[in-house]
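Note sheet for the following structure.
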Amino acid sequence: ERLSPYDPDGVRFEFRNKDANDITQMMGQHMAKEWRKWKGLVLLDPFGMSINWSTIESLKNASIDLWILVPTGVIINRLLERDGSLKHIDKLKSFFGMTKDEISDFFYKKRTENTLFGEVELIEKVKNPIQKIAELYVERLKKEFKYVTESPLVLTNNRGVPIFHFVFASNNQTAVNIAQQIIKKKS
C-alpha cells in the first residue's frame, strides 16, 4: 500500500506502508542490480529488534551508505539473561544472523566448579555485555561491507549508561572516513 507521494522542489519521495524488512530487501536487490545508476543512504532505526540480518545482507552489494541504530543496552542486553537460558533466542538469531551456539559462545563463558555434590558447570554472562554487543554487530557488518566504523557513536541515557550504538557501514572508503569524523565530533 502506498501513501501519497511528496514532491518538494522536484525531488520525489515515495512512502510505502510495508514491513521494513520486505521493502528494504526489495530496495537492496534493485540497487545491487543497478549499482552504477543508483546511490543511496539508508537510515535504519528499527523498532526494537525488528530488522532481520537477512535485510542487512540484502544491502551488501548495493551502492549505499548504511547507518543503523542498534539497541544494545535498551533491548538486546535485556534479552541476554544472566543464567544463559536465552529465552528469546529466535529474536537474537534473526537479529544477528547467527546460530544459538554462536550467540551462546560469544556472550557466555562456561566453567566448572567443584562442590560438595561434585563438579558443577556454571554459565556466566560476559563482562561489559553492552560493549560486546556493539563489537559483535560491527564484526558482523564487516562480513557484508568493506568499511565499517570501528567505534560507533554511543548514545546514553541520563545516567550515562549506553542504550544505543549508531553504526555506519559502506563499500566506500570516503564515506566511512566522513562517518568517523561525524562520530568523533559527537562523542
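Letters for chains follow the order of the C-alpha cells (A, B, ...), residue numbers begin at 1 for each chain, and ligand numbers begin at 1 in the order shown.
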
Contacts of A:Asn177 at 10 Å or less, counting only C-alpha atoms, minus same-chain residues fewer than 6 places along, as an MDAnalysis selection string? chainID A and resid 147:149 183

I need the residues from that last selection saved to file as a tab-separated table (two decimals), in the first residue's frame (with C-alpha atoms), if you can.
chain	number	residue	atom	x	y	z
A	147	TYR	CA	34.14	-0.44	5.55
A	148	VAL	CA	32.52	-0.20	8.97
A	149	THR	CA	33.08	2.31	11.75
A	183	ILE	CA	31.19	10.25	15.27

If we count only C-alpha atoms and set the cut-off at 10 Å, which residues sit around A:Gln25, ignoring sequence neighbours fewer than 2 positions away in its own chain? Please answer as JSON, numbers by chain. {"A": [20, 21, 22, 23, 27, 28, 29, 30, 31, 54, 55, 56, 57, 58, 59]}

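Separating atom CA of A:His165 from atom CA of A:Pro71 is a distance of 6.7 Å.
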
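Note that DSSP on the backbone gives strand (DSSP E) to these residues of stretch 135-167 of chain A: Tyr147, Val148, Leu153, Val154, Leu155, Thr156, Pro162, Ile163, Phe164, His165, Phe166 and Val167 of chain A.
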
Now that the selection is made, can you save its residues with C-alpha atoms as a CSV table (one decimal), in the first residue's frame?
chain,number,residue,atom,x,y,z
A,147,TYR,CA,34.1,-0.4,5.6
A,148,VAL,CA,32.5,-0.2,9.0
A,153,LEU,CA,28.5,6.6,18.2
A,154,VAL,CA,27.4,5.7,21.7
A,155,LEU,CA,24.0,7.1,22.8
A,156,THR,CA,23.5,7.0,26.5
A,162,PRO,CA,24.8,3.1,26.8
A,163,ILE,CA,21.4,2.4,25.3
A,164,PHE,CA,22.1,2.5,21.6
A,165,HIS,CA,25.1,2.3,19.3
A,166,PHE,CA,24.8,4.2,15.9
A,167,VAL,CA,26.9,2.1,13.4

Need to verify the contact set: A:Ser104, 10 Å, only C-alpha atoms, exclusion of same-chain residues closer than 3 positions in sequence. Can you return it as an mmCIF file with C-alpha atoms, in the first residue's frame?
data_model
loop_
_atom_site.group_PDB
_atom_site.id
_atom_site.type_symbol
_atom_site.label_atom_id
_atom_site.label_comp_id
_atom_site.auth_asym_id
_atom_site.auth_seq_id
_atom_site.Cartn_x
_atom_site.Cartn_y
_atom_site.Cartn_z
ATOM 1 C CA LEU A 80 20.708 -11.987 27.172
ATOM 2 C CA GLY A 84 22.354 -18.145 29.777
ATOM 3 C CA SER A 85 18.840 -19.524 29.269
ATOM 4 C CA LEU A 86 18.314 -17.431 26.104
ATOM 5 C CA ILE A 89 16.805 -16.938 21.114
ATOM 6 C CA MET A 98 23.826 -16.364 13.992
ATOM 7 C CA THR A 99 23.059 -19.762 15.472
ATOM 8 C CA LYS A 100 22.144 -20.320 19.112
ATOM 9 C CA ASP A 101 25.549 -21.884 19.775
ATOM 10 C CA PHE A 107 28.068 -13.923 25.296
ATOM 11 C CA TYR A 108 28.578 -16.652 27.898
ATOM 12 C CA LYS A 109 31.561 -18.344 29.463
ATOM 13 C CA LYS A 110 31.283 -21.846 30.886
ATOM 14 C CA ILE A 123 27.461 -20.287 32.978
ATOM 15 C CA LYS A 125 27.459 -13.712 31.097
#

Counting only C-alpha atoms, figure out which residue out of A:Gly160, A:Leu44, A:Met49, A:Glu102 gets nearest to A:Leu79.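 Once distances to A:Leu79 are computed over only C-alpha atoms, the minimum belongs to A:Met49.
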